[in-house]
Amino acid sequence: MEHIRTPKVENVRLIDRVSTRKAAVGTLYLTATHTIFVENVSDTRKESWILHSQVCGVEKQSTTATGCPLVIRCKNFQVIQFILPQERDCHDVYISLMRLSRPEKYEELYCFSFNPKVDKEEREQAWNFLDLKAEYSRMGVPNYLWQVTNVNRDYGVCDTYPSELYVPKSATPPIIVGSSKFRSRGRFPTLSYYCQDNNASICRSSQPLSGFSARCLEDEQMLQAIMKANPGSEFMYVVDTRPKLNAMANRAAGKGYENEDNYSNIKFQFIGIENIHVMRNSLQKMLEVCELKSPSMGDFLWGLENSGWLKHIKAVLEAGIFIAKAVSEEAASVLVHCSDGWDRTAQACSVASLLLDPYYRTLKGFMVLIERDWISFGHKFSHRYNHLDGDPKEVSPVIDQFIECVWQLMEQFPCAFEYNERFLIHIHNHIYSCQYGNFMCNSQKERRDVRIRERTHSLWTHLWRNRADFMNPLYRADHSQTQGVLRPVTAPYCFKFWRGMYNRFEKGMHPRQSAVDFLMAVKEETQQLEEELATHEEKIAKLEKQQVKNNKVMLQPADKGKHLCVSPSDTSVANTPQDYTGNAVTRSPEWPT
Amino acid sequence: MEFAELIKTPRVDNVVLHRPFMPTVEGTLCLTGHHLILSSRQDSTEELWLLHSNIDSIEKRFMGSLGTIIVKCKDLRIIQLDIPGMEECLNIASSIEALSTLDSVSLMYPFFYRPMFEVIEDGWNTFLPEHAFKQIETLTDEWRLSSVNKDFTVCPSYPPLVAVPKFIDDDTLRKVATFRHAGRFPVLSYYHKKNGMVMMRAGQPLTGTNGRRCKEDEKLINATLRAGKRGYIIDTRTINVAQQAKARGGGFEQEAHYPQWRRIHKAIERFGILQESLIKLVEACNDQSHNMDRWLSKLEASNWLTHVKEILTTACLAAQCIDREGASVLVHGTEGTDSTLQVTALAQIILDPGCRTIRGFQSLVEREWLQAGHQFQQRCAQSAFSNSKPRWEAPVFLLFLDCVWQILRQFPCSFQFNEHFLVLLFEHAYASQFGTFLGNNANERVKLKLPQKTVSLWSWVNRPQVEERFLNPLFEANSLVIWPSVAPQSLLLWEGVFLRWNRSSKCLDEAYEEMVHIIEYNKELQSKVNALRRQLAQLETEDGLLQTP
């Protein structure tokens, strides 16, 4: 609380970004965790809550006649503009928010103070909701080809890897340790996905420390072991997800990529996903376009092209497709890496898994996928999503891109996913919110050190409890789209701007009626009808039987009229016109009424 | 003329057909007066029947003696025919070219087509102006139906009956007609029953450079205003374009002469530019380079979505003036046959729930496009692949349909018809077995005796088993005005038309089927439960009766 200079400011105006004429007047409150705006309108008292951990930018604009504008930009793409009457208050709020939105220690994060009404036992149970051991055994490992290794039990071999890892049977501890010394940050090749049908696997690692000519026998043996763990195959792919030029440049620093001459039977492939800095800038440019006030179609499309964002999404999806194809069509194992093997590698592996295995297209499967490929393998959530005040150059929308790839796939395969767009947006939101412990820190080791499990709540059970909100009504487990491998088209016109994410808070831009909500309501009603049908049938059967016996039966009236009122439209929004005029109509005070 | 003269080679064997998303078929190619037919004679589903009038352009290629004809259709499909024998190929190509560009309307297929179905309800009589006006008469007595144009002399592009203010007599109308482009004097387009405000449309006033005025014109449009009220004139052209029109005898309403009206200029492009835009867009969609930057840049350069945005915005503005400002509106551009109709028709979709039903939409197309004198014959003569220099061609109607699709996407439950219906109208506007879209106006349709000699598209569409295909399963009557978003983020490329032949729609079709299934199953359960409830109630009474004595 020591960072809050002014806890309350009155007569603040909240500006509607779509039609700037509209503004709500109310009171602004600063708490330890939130900025809260309460509208003055007495009967509604509408509240807007902004979590400090979502704030990624606070901008104080120059004072005008109407007051002092304060713009707050959030990591979930909300942009809020307040106008405060007094410059001094604005400055105080600005300074407070600057500090509150940049916590310096993990202990300051919201998840340590977030306290829903859940008892201790339930909270602890929640952390066991997902079990990676169960996930690996679902995939069919350990088996005669793959084993669990405890070599990293104390994070001694690789401090950014999980303690339990799956490696080929023939990969002995000396091979593992040797290989890890030849890989950036010790991230040796280890199993990400195993395809039980054909023994092909997706493994992941960081780049080899090959420089211009260095070799490592153990690393070569490691790759050999991965290939041997796929008995049907005579070769394996090594996929470097970086652009070739970047990978070559790394050689000068003693890193680089596998020399095909040194590794037997590997097929080497560059994919060309750009690095985190390019992606950060690209998103920044796209968000600028999203923020434009009444842009023309040309402004928007030009800006979208210029940002390069969709090109990068396409590259990530194509990396996944390449790997999925190798596994499903050639039954070949694939080793995937980039530089450190925690960004592009995570993207490529998880997209490939999602394409290959329908399980990851279910609600629970998707959580498992994020838990495995992102959380357990040391994707640096804290750095990438700026949970603590840190190096801005470490920030990058890496998992955002993965989540968007899933959305693009949903657009192509509307029946293939059990979950809906809202689920993706919800997860995205919580990756940044710091409300749950799941995405804290940068590695399993750090989370253990900070005792995340003991001190915070898990997001997954929260999502699971609310799963009714996240269901895709078009999903059917027995639908042909649900089965097997997804083969998306990657022609440029298949990639769309994701309005639901990047302009999420511009309510006026979205469809005013939701087919998904409509269908969910219909399905819910269908379920009630099914139940009613069963009860009626039962009653009738009973009644008929009893009538034969001529016994008196008391009948409960059927719960009639319990019909759901399916109303898909948000009529209040549907009934509000936008500013179509460029003020041609409303700016007419001389108008007689 | 005999078609046979144009058909040099009526039949070629061993022709191979390549179509998007369909297996290659080898079979016999036949040319008839109106169709290109390819049949493998094995499986009727593999047959191709293509109307010559659907062919936009063809290209020939030769590899030795094997000729290839690429046929580019007005519905944007591209098919390929591999024809053995150079002479046969050349003959077929020149025949197709001749048959697909027949000059005489009376040789078009609708005059030869005999329906395989029984016409229950003749579409030519379903949407007569007098019927539409009957409805307005129940709401207001301020308007009358004038037959001043009964022999098409006052305005050649208007229908014989038009709705005008009650106290404006036919003589006045004749005078006003001389002051408006092509005689298109202001007529009633829409009556907003919520507040009695109206939308009218017209051609531009012929003010010329010296600011001619016409008292009768002023009187006419002022007659539509309530006491003390003002109205808006929405000119679909920019002020510059409107100024330039003066030099050619056109112009716009001067404030001094129309003090009760406020003029707003918008910027909907004219037909030549729209045609170019369509050509560029289709070219972008068919670009094989797989390069994202290139795609976005071409999409932008086509300006197609810019046109969509501008048209929608103008329509929303008109609707806003009527519904929100409580003002009447007059819409015109230059001729009043293109951008004007886009705006008046779309504004009605926004304002009037009736226009969002399948019948209501047909009625709207009939009133605001066919009767209103949009030159379908000229505008839809060629589509995006035409090699000839466009003269009067323009995708004005397609842009309107695109805008409707955009609103449908934003309000998926408010329309009784679905996207397929819009695609159907697009196809039939360009090539059809039905006579509905032939001719350029009511006058031409009468001269061509279309109602007597051809079948109406509506006759076919409104048969229950056909209509069913075009009904939106999500439809729930919505009596509200629907305000679409016109932000660039909200406007999408209409994949159902522009990417239809570029990517398989299998997964999307499956999703649609699933949606239908969910809703059908629900309805089925409803009726089952209702039946059981009745049965139960009956059993209860019987039971009660048994107990009473």
# chains A, B, ... in the order shown; residues from 1 in each chain; ligands from 1
>>> select_by_dssp(residues="region 106-300 of chain A", states="strand (DSSP E)", output="list in words")
Trp146, Gln147, Val148, Thr149, Leu165, Tyr166, Val167, Pro168, Thr190, Leu191, Ser192, Tyr193, Tyr194, Ser201, Ile202, Cys203, Arg204, Ser205, Met236, Tyr237, Val238, Val239, Asp240, Ile266, Lys267, Phe268, Gln269 and Phe270 of chain A
>>> write_last_selection(atoms="N, CA, C and O atoms", output="mmCIF file, in the first residue's frame")
data_model
loop_
_atom_site.group_PDB
_atom_site.id
_atom_site.type_symbol
_atom_site.label_atom_id
_atom_site.label_comp_id
_atom_site.auth_asym_id
_atom_site.auth_seq_id
_atom_site.Cartn_x
_atom_site.Cartn_y
_atom_site.Cartn_z
ATOM 1 N N TRP A 146 11.318 -46.298 -24.657
ATOM 2 C CA TRP A 146 11.540 -45.049 -23.941
ATOM 3 C C TRP A 146 11.510 -45.270 -22.424
ATOM 4 O O TRP A 146 10.739 -46.087 -21.932
ATOM 5 N N GLN A 147 12.324 -44.497 -21.731
ATOM 6 C CA GLN A 147 12.396 -44.638 -20.285
ATOM 7 C C GLN A 147 12.358 -43.268 -19.597
ATOM 8 O O GLN A 147 12.622 -42.244 -20.233
ATOM 9 N N VAL A 148 12.028 -43.290 -18.330
ATOM 10 C CA VAL A 148 12.129 -42.069 -17.538
ATOM 11 C C VAL A 148 13.555 -41.985 -17.027
ATOM 12 O O VAL A 148 14.126 -42.994 -16.629
ATOM 13 N N THR A 149 14.097 -40.794 -17.040
ATOM 14 C CA THR A 149 15.423 -40.651 -16.444
ATOM 15 C C THR A 149 15.355 -39.696 -15.261
ATOM 16 O O THR A 149 14.615 -38.714 -15.292
ATOM 17 N N LEU A 165 12.304 -36.657 -16.981
ATOM 18 C CA LEU A 165 12.383 -36.524 -18.430
ATOM 19 C C LEU A 165 12.339 -37.904 -19.061
ATOM 20 O O LEU A 165 12.702 -38.900 -18.451
ATOM 21 N N TYR A 166 11.888 -37.922 -20.315
ATOM 22 C CA TYR A 166 11.790 -39.185 -21.039
ATOM 23 C C TYR A 166 12.825 -39.205 -22.156
ATOM 24 O O TYR A 166 12.901 -38.274 -22.950
ATOM 25 N N VAL A 167 13.622 -40.267 -22.134
ATOM 26 C CA VAL A 167 14.692 -40.388 -23.123
ATOM 27 C C VAL A 167 14.662 -41.803 -23.705
ATOM 28 O O VAL A 167 14.059 -42.708 -23.114
ATOM 29 N N PRO A 168 15.329 -42.008 -24.842
ATOM 30 C CA PRO A 168 15.374 -43.356 -25.412
ATOM 31 C C PRO A 168 16.027 -44.330 -24.433
ATOM 32 O O PRO A 168 16.899 -43.941 -23.653
ATOM 33 N N THR A 190 15.199 -34.420 -25.592
ATOM 34 C CA THR A 190 14.335 -35.215 -24.734
ATOM 35 C C THR A 190 12.933 -35.274 -25.341
ATOM 36 O O THR A 190 12.606 -34.474 -26.228
ATOM 37 N N LEU A 191 12.131 -36.207 -24.883
ATOM 38 C CA LEU A 191 10.849 -36.468 -25.544
ATOM 39 C C LEU A 191 9.797 -35.399 -25.241
ATOM 40 O O LEU A 191 9.594 -35.003 -24.100
ATOM 41 N N SER A 192 9.114 -34.974 -26.319
ATOM 42 C CA SER A 192 7.974 -34.078 -26.142
ATOM 43 C C SER A 192 6.686 -34.822 -26.461
ATOM 44 O O SER A 192 5.747 -34.828 -25.683
ATOM 45 N N TYR A 193 6.654 -35.467 -27.622
ATOM 46 C CA TYR A 193 5.443 -36.205 -28.004
ATOM 47 C C TYR A 193 5.819 -37.552 -28.598
ATOM 48 O O TYR A 193 6.768 -37.659 -29.375
ATOM 49 N N TYR A 194 5.069 -38.556 -28.216
ATOM 50 C CA TYR A 194 5.324 -39.891 -28.730
ATOM 51 C C TYR A 194 4.074 -40.402 -29.430
ATOM 52 O O TYR A 194 2.979 -40.364 -28.876
ATOM 53 N N SER A 201 8.548 -40.028 -32.858
ATOM 54 C CA SER A 201 8.489 -39.135 -31.710
ATOM 55 C C SER A 201 8.868 -37.713 -32.105
ATOM 56 O O SER A 201 9.501 -37.491 -33.141
ATOM 57 N N ILE A 202 8.424 -36.789 -31.281
ATOM 58 C CA ILE A 202 8.919 -35.413 -31.407
ATOM 59 C C ILE A 202 9.788 -35.150 -30.185
ATOM 60 O O ILE A 202 9.325 -35.287 -29.054
ATOM 61 N N CYS A 203 11.066 -34.863 -30.415
ATOM 62 C CA CYS A 203 11.965 -34.533 -29.316
ATOM 63 C C CYS A 203 12.350 -33.079 -29.426
ATOM 64 O O CYS A 203 12.219 -32.467 -30.479
ATOM 65 N N ARG A 204 12.830 -32.525 -28.315
ATOM 66 C CA ARG A 204 13.190 -31.112 -28.333
ATOM 67 C C ARG A 204 14.490 -30.892 -27.587
ATOM 68 O O ARG A 204 14.869 -31.673 -26.714
ATOM 69 N N SER A 205 15.165 -29.825 -27.948
ATOM 70 C CA SER A 205 16.435 -29.500 -27.296
ATOM 71 C C SER A 205 16.755 -28.046 -27.595
ATOM 72 O O SER A 205 15.924 -27.336 -28.163
ATOM 73 N N MET A 236 15.985 -39.673 -39.318
ATOM 74 C CA MET A 236 15.176 -38.748 -38.535
ATOM 75 C C MET A 236 15.404 -37.332 -39.023
ATOM 76 O O MET A 236 16.406 -37.029 -39.666
ATOM 77 N N TYR A 237 14.437 -36.492 -38.729
ATOM 78 C CA TYR A 237 14.581 -35.089 -39.075
ATOM 79 C C TYR A 237 15.174 -34.319 -37.908
ATOM 80 O O TYR A 237 14.855 -34.604 -36.747
ATOM 81 N N VAL A 238 16.018 -33.352 -38.229
ATOM 82 C CA VAL A 238 16.378 -32.345 -37.238
ATOM 83 C C VAL A 238 15.843 -31.022 -37.781
ATOM 84 O O VAL A 238 16.214 -30.599 -38.884
ATOM 85 N N VAL A 239 14.918 -30.458 -37.059
ATOM 86 C CA VAL A 239 14.285 -29.215 -37.510
ATOM 87 C C VAL A 239 14.821 -28.057 -36.687
ATOM 88 O O VAL A 239 14.668 -28.020 -35.468
ATOM 89 N N ASP A 240 15.480 -27.127 -37.360
ATOM 90 C CA ASP A 240 15.911 -25.891 -36.719
ATOM 91 C C ASP A 240 14.879 -24.843 -37.093
ATOM 92 O O ASP A 240 14.742 -24.493 -38.261
ATOM 93 N N ILE A 266 20.542 -38.199 -40.525
ATOM 94 C CA ILE A 266 19.605 -37.125 -40.187
ATOM 95 C C ILE A 266 19.305 -36.305 -41.435
ATOM 96 O O ILE A 266 20.139 -36.186 -42.344
ATOM 97 N N LYS A 267 18.088 -35.820 -41.481
ATOM 98 C CA LYS A 267 17.723 -34.864 -42.535
ATOM 99 C C LYS A 267 17.515 -33.536 -41.826
ATOM 100 O O LYS A 267 16.673 -33.431 -40.947
ATOM 101 N N PHE A 268 18.298 -32.568 -42.237
ATOM 102 C CA PHE A 268 18.279 -31.294 -41.541
ATOM 103 C C PHE A 268 17.386 -30.290 -42.267
ATOM 104 O O PHE A 268 17.381 -30.224 -43.494
ATOM 105 N N GLN A 269 16.630 -29.518 -41.505
ATOM 106 C CA GLN A 269 15.673 -28.604 -42.125
ATOM 107 C C GLN A 269 15.558 -27.298 -41.329
ATOM 108 O O GLN A 269 15.349 -27.330 -40.120
ATOM 109 N N PHE A 270 15.723 -26.180 -42.023
ATOM 110 C CA PHE A 270 15.420 -24.889 -41.384
ATOM 111 C C PHE A 270 13.959 -24.530 -41.636
ATOM 112 O O PHE A 270 13.411 -24.845 -42.689
#
>>> residues_around(residues="region 432-434 of chain B", least_positions_apart="5", cutoff="7 Å", atoms="only C-alpha atoms", output="ChimeraX atom specification")
/B:109-110,113,454-457
>>> write_last_selection(atoms="N, CA, C and O atoms", output="PDB file, in the first residue's frame")
ATOM      1  N   TYR B 109     -30.845 -18.194 -72.757  1.00  0.00           N
ATOM      2  CA  TYR B 109     -31.417 -19.464 -72.326  1.00  0.00           C
ATOM      3  C   TYR B 109     -32.791 -19.352 -71.662  1.00  0.00           C
ATOM      4  O   TYR B 109     -33.660 -20.197 -71.905  1.00  0.00           O
ATOM      5  N   PRO B 110     -33.035 -18.321 -70.811  1.00  0.00           N
ATOM      6  CA  PRO B 110     -34.352 -18.262 -70.162  1.00  0.00           C
ATOM      7  C   PRO B 110     -35.528 -18.355 -71.136  1.00  0.00           C
ATOM      8  O   PRO B 110     -36.597 -18.840 -70.771  1.00  0.00           O
ATOM      9  N   TYR B 113     -35.718 -22.213 -71.746  1.00  0.00           N
ATOM     10  CA  TYR B 113     -35.772 -23.101 -70.577  1.00  0.00           C
ATOM     11  C   TYR B 113     -37.212 -23.487 -70.260  1.00  0.00           C
ATOM     12  O   TYR B 113     -38.093 -22.633 -70.200  1.00  0.00           O
ATOM     13  N   THR B 454     -40.632 -16.359 -69.935  1.00  0.00           N
ATOM     14  CA  THR B 454     -39.588 -16.990 -69.110  1.00  0.00           C
ATOM     15  C   THR B 454     -40.143 -17.299 -67.724  1.00  0.00           C
ATOM     16  O   THR B 454     -41.215 -16.834 -67.344  1.00  0.00           O
ATOM     17  N   VAL B 455     -39.378 -18.085 -66.996  1.00  0.00           N
ATOM     18  CA  VAL B 455     -39.765 -18.446 -65.635  1.00  0.00           C
ATOM     19  C   VAL B 455     -39.044 -17.510 -64.674  1.00  0.00           C
ATOM     20  O   VAL B 455     -37.885 -17.151 -64.904  1.00  0.00           O
ATOM     21  N   SER B 456     -39.726 -17.129 -63.614  1.00  0.00           N
ATOM     22  CA  SER B 456     -39.107 -16.254 -62.615  1.00  0.00           C
ATOM     23  C   SER B 456     -38.281 -17.080 -61.626  1.00  0.00           C
ATOM     24  O   SER B 456     -38.676 -18.194 -61.254  1.00  0.00           O
ATOM     25  N   LEU B 457     -37.160 -16.519 -61.227  1.00  0.00           N
ATOM     26  CA  LEU B 457     -36.334 -17.184 -60.210  1.00  0.00           C
ATOM     27  C   LEU B 457     -37.150 -17.445 -58.940  1.00  0.00           C
ATOM     28  O   LEU B 457     -37.021 -18.481 -58.298  1.00  0.00           O
TER      29      LEU B 457
END
>>> closest_atom_pairs(of="chain A", to="chain B", cutoff="6 Å", atoms="only C-alpha atoms", output="Markdown table")
| residue | atom | partner | partner_atom | distance |
| --- | --- | --- | --- | --- |
| A:Met297 | CA | B:Pro488 | CA | 5.2 |
| A:Gly298 | CA | B:Glu300 | CA | 5.9 |
| A:Leu301 | CA | B:Glu300 | CA | 5.8 |
| A:Glu305 | CA | B:Asp293 | CA | 5.7 |
| A:Lys311 | CA | B:Met292 | CA | 5.6 |
| A:Phe413 | CA | B:Cys507 | CA | 5.7 |
| A:Pro414 | CA | B:Ala511 | CA | 6.0 |
| A:Cys415 | CA | B:Ala511 | CA | 5.9 |
| A:Ala491 | CA | B:His290 | CA | 5.4 |
| A:Pro492 | CA | B:Met292 | CA | 5.0 |
| A:Met509 | CA | B:Ser485 | CA | 5.5 |
| A:Pro511 | CA | B:Gln410 | CA | 3.9 |
| A:Arg512 | CA | B:Gln410 | CA | 5.6 |
| A:Gln513 | CA | B:Phe411 | CA | 5.1 |
| A:Thr526 | CA | B:Asn522 | CA | 5.2 |
| A:Leu533 | CA | B:Val529 | CA | 5.5 |
| A:Ala574 | CA | B:Ile482 | CA | 5.8 |
| A:Pro577 | CA | B:Trp483 | CA | 5.1 |
| A:Tyr580 | CA | B:Thr313 | CA | 5.6 |
>>> residues_around(residues="Pro23 (chain B)", least_positions_apart="5", cutoff="9 Å", atoms="only C-alpha atoms", output="ChimeraX atom specification")
/B:17-18,46
>>> residues_around(residues="Met520 (chain A)", least_positions_apart="6", cutoff="12 Å", atoms="only C-alpha atoms", output="ChimeraX atom specification")
/A:420,468-475,514,526-527,564,566-568 /B:474,515,518-519,522
>>> write_last_selection(atoms="N, CA and C atoms", output="PDB file, in the first residue's frame")
ATOM      1  N   ASN A 420     -13.796 -23.480 -27.086  1.00  0.00           N
ATOM      2  CA  ASN A 420     -14.113 -22.382 -27.987  1.00  0.00           C
ATOM      3  C   ASN A 420     -13.106 -21.239 -27.848  1.00  0.00           C
ATOM      4  N   ALA A 468     -18.423 -25.246 -18.841  1.00  0.00           N
ATOM      5  CA  ALA A 468     -19.633 -25.016 -19.652  1.00  0.00           C
ATOM      6  C   ALA A 468     -19.487 -23.756 -20.506  1.00  0.00           C
ATOM      7  N   ASP A 469     -18.767 -22.780 -20.002  1.00  0.00           N
ATOM      8  CA  ASP A 469     -18.580 -21.531 -20.753  1.00  0.00           C
ATOM      9  C   ASP A 469     -17.611 -21.686 -21.911  1.00  0.00           C
ATOM     10  N   PHE A 470     -16.817 -22.733 -21.857  1.00  0.00           N
ATOM     11  CA  PHE A 470     -15.716 -22.829 -22.816  1.00  0.00           C
ATOM     12  C   PHE A 470     -15.940 -23.896 -23.877  1.00  0.00           C
ATOM     13  N   MET A 471     -17.164 -24.454 -23.912  1.00  0.00           N
ATOM     14  CA  MET A 471     -17.433 -25.547 -24.829  1.00  0.00           C
ATOM     15  C   MET A 471     -17.798 -25.047 -26.224  1.00  0.00           C
ATOM     16  N   ASN A 472     -17.311 -25.764 -27.206  1.00  0.00           N
ATOM     17  CA  ASN A 472     -17.694 -25.504 -28.582  1.00  0.00           C
ATOM     18  C   ASN A 472     -18.912 -26.369 -28.900  1.00  0.00           C
ATOM     19  N   PRO A 473     -20.057 -25.749 -29.173  1.00  0.00           N
ATOM     20  CA  PRO A 473     -21.274 -26.552 -29.380  1.00  0.00           C
ATOM     21  C   PRO A 473     -21.185 -27.466 -30.603  1.00  0.00           C
ATOM     22  N   LEU A 474     -20.297 -27.130 -31.532  1.00  0.00           N
ATOM     23  CA  LEU A 474     -20.222 -27.925 -32.765  1.00  0.00           C
ATOM     24  C   LEU A 474     -19.336 -29.158 -32.611  1.00  0.00           C
ATOM     25  N   TYR A 475     -18.688 -29.259 -31.463  1.00  0.00           N
ATOM     26  CA  TYR A 475     -17.772 -30.397 -31.258  1.00  0.00           C
ATOM     27  C   TYR A 475     -18.557 -31.654 -30.939  1.00  0.00           C
ATOM     28  N   SER A 514     -24.235 -13.997 -31.128  1.00  0.00           N
ATOM     29  CA  SER A 514     -23.250 -15.068 -31.158  1.00  0.00           C
ATOM     30  C   SER A 514     -23.925 -16.395 -31.461  1.00  0.00           C
ATOM     31  N   THR A 526     -31.898 -28.781 -25.008  1.00  0.00           N
ATOM     32  CA  THR A 526     -32.037 -30.155 -25.500  1.00  0.00           C
ATOM     33  C   THR A 526     -31.804 -31.149 -24.369  1.00  0.00           C
ATOM     34  N   GLN A 527     -30.807 -30.853 -23.585  1.00  0.00           N
ATOM     35  CA  GLN A 527     -30.490 -31.751 -22.478  1.00  0.00           C
ATOM     36  C   GLN A 527     -31.650 -31.815 -21.483  1.00  0.00           C
ATOM     37  N   LEU A 564     -36.152 -22.569 -21.649  1.00  0.00           N
ATOM     38  CA  LEU A 564     -35.115 -21.575 -21.667  1.00  0.00           C
ATOM     39  C   LEU A 564     -35.475 -20.482 -22.656  1.00  0.00           C
ATOM     40  N   VAL A 566     -34.160 -18.479 -25.155  1.00  0.00           N
ATOM     41  CA  VAL A 566     -32.919 -18.338 -25.903  1.00  0.00           C
ATOM     42  C   VAL A 566     -32.845 -16.953 -26.506  1.00  0.00           C
ATOM     43  N   SER A 567     -32.011 -16.165 -25.963  1.00  0.00           N
ATOM     44  CA  SER A 567     -31.886 -14.829 -26.525  1.00  0.00           C
ATOM     45  C   SER A 567     -30.427 -14.560 -26.870  1.00  0.00           C
ATOM     46  N   PRO A 568     -30.100 -14.701 -28.128  1.00  0.00           N
ATOM     47  CA  PRO A 568     -28.698 -14.609 -28.505  1.00  0.00           C
ATOM     48  C   PRO A 568     -28.191 -13.182 -28.610  1.00  0.00           C
TER      49      PRO A 568
ATOM     50  N   LEU B 474     -30.514 -20.604 -37.538  1.00  0.00           N
ATOM     51  CA  LEU B 474     -30.367 -19.811 -36.314  1.00  0.00           C
ATOM     52  C   LEU B 474     -31.412 -18.699 -36.193  1.00  0.00           C
ATOM     53  N   MET B 515     -24.679 -27.670 -37.113  1.00  0.00           N
ATOM     54  CA  MET B 515     -25.540 -26.639 -36.544  1.00  0.00           C
ATOM     55  C   MET B 515     -27.004 -26.978 -36.825  1.00  0.00           C
ATOM     56  N   ILE B 518     -28.085 -29.874 -34.629  1.00  0.00           N
ATOM     57  CA  ILE B 518     -28.336 -29.506 -33.224  1.00  0.00           C
ATOM     58  C   ILE B 518     -29.737 -28.911 -33.076  1.00  0.00           C
ATOM     59  N   ILE B 519     -30.092 -28.052 -34.015  1.00  0.00           N
ATOM     60  CA  ILE B 519     -31.365 -27.358 -33.907  1.00  0.00           C
ATOM     61  C   ILE B 519     -32.533 -28.285 -34.266  1.00  0.00           C
ATOM     62  N   ASN B 522     -33.237 -30.607 -31.418  1.00  0.00           N
ATOM     63  CA  ASN B 522     -33.940 -29.887 -30.363  1.00  0.00           C
ATOM     64  C   ASN B 522     -35.437 -29.789 -30.664  1.00  0.00           C
TER      65      ASN B 522
END
>>> residues_around(residues="Lys244 (chain A)", least_positions_apart="3", cutoff="8 Å", atoms="only C-alpha atoms", output="ChimeraX atom specification")
/A:247-248,270-272
>>> write_last_selection(atoms="C-alpha atoms", output="PDB file, in the first residue's frame")
ATOM      1  CA  ALA A 247      21.512 -20.109 -37.162  1.00  0.00           C
ATOM      2  CA  MET A 248      24.673 -19.497 -39.140  1.00  0.00           C
ATOM      3  CA  PHE A 270      15.420 -24.889 -41.384  1.00  0.00           C
ATOM      4  CA  ILE A 271      11.927 -23.471 -40.880  1.00  0.00           C
ATOM      5  CA  GLY A 272      12.470 -19.753 -40.456  1.00  0.00           C
TER       6      GLY A 272
END
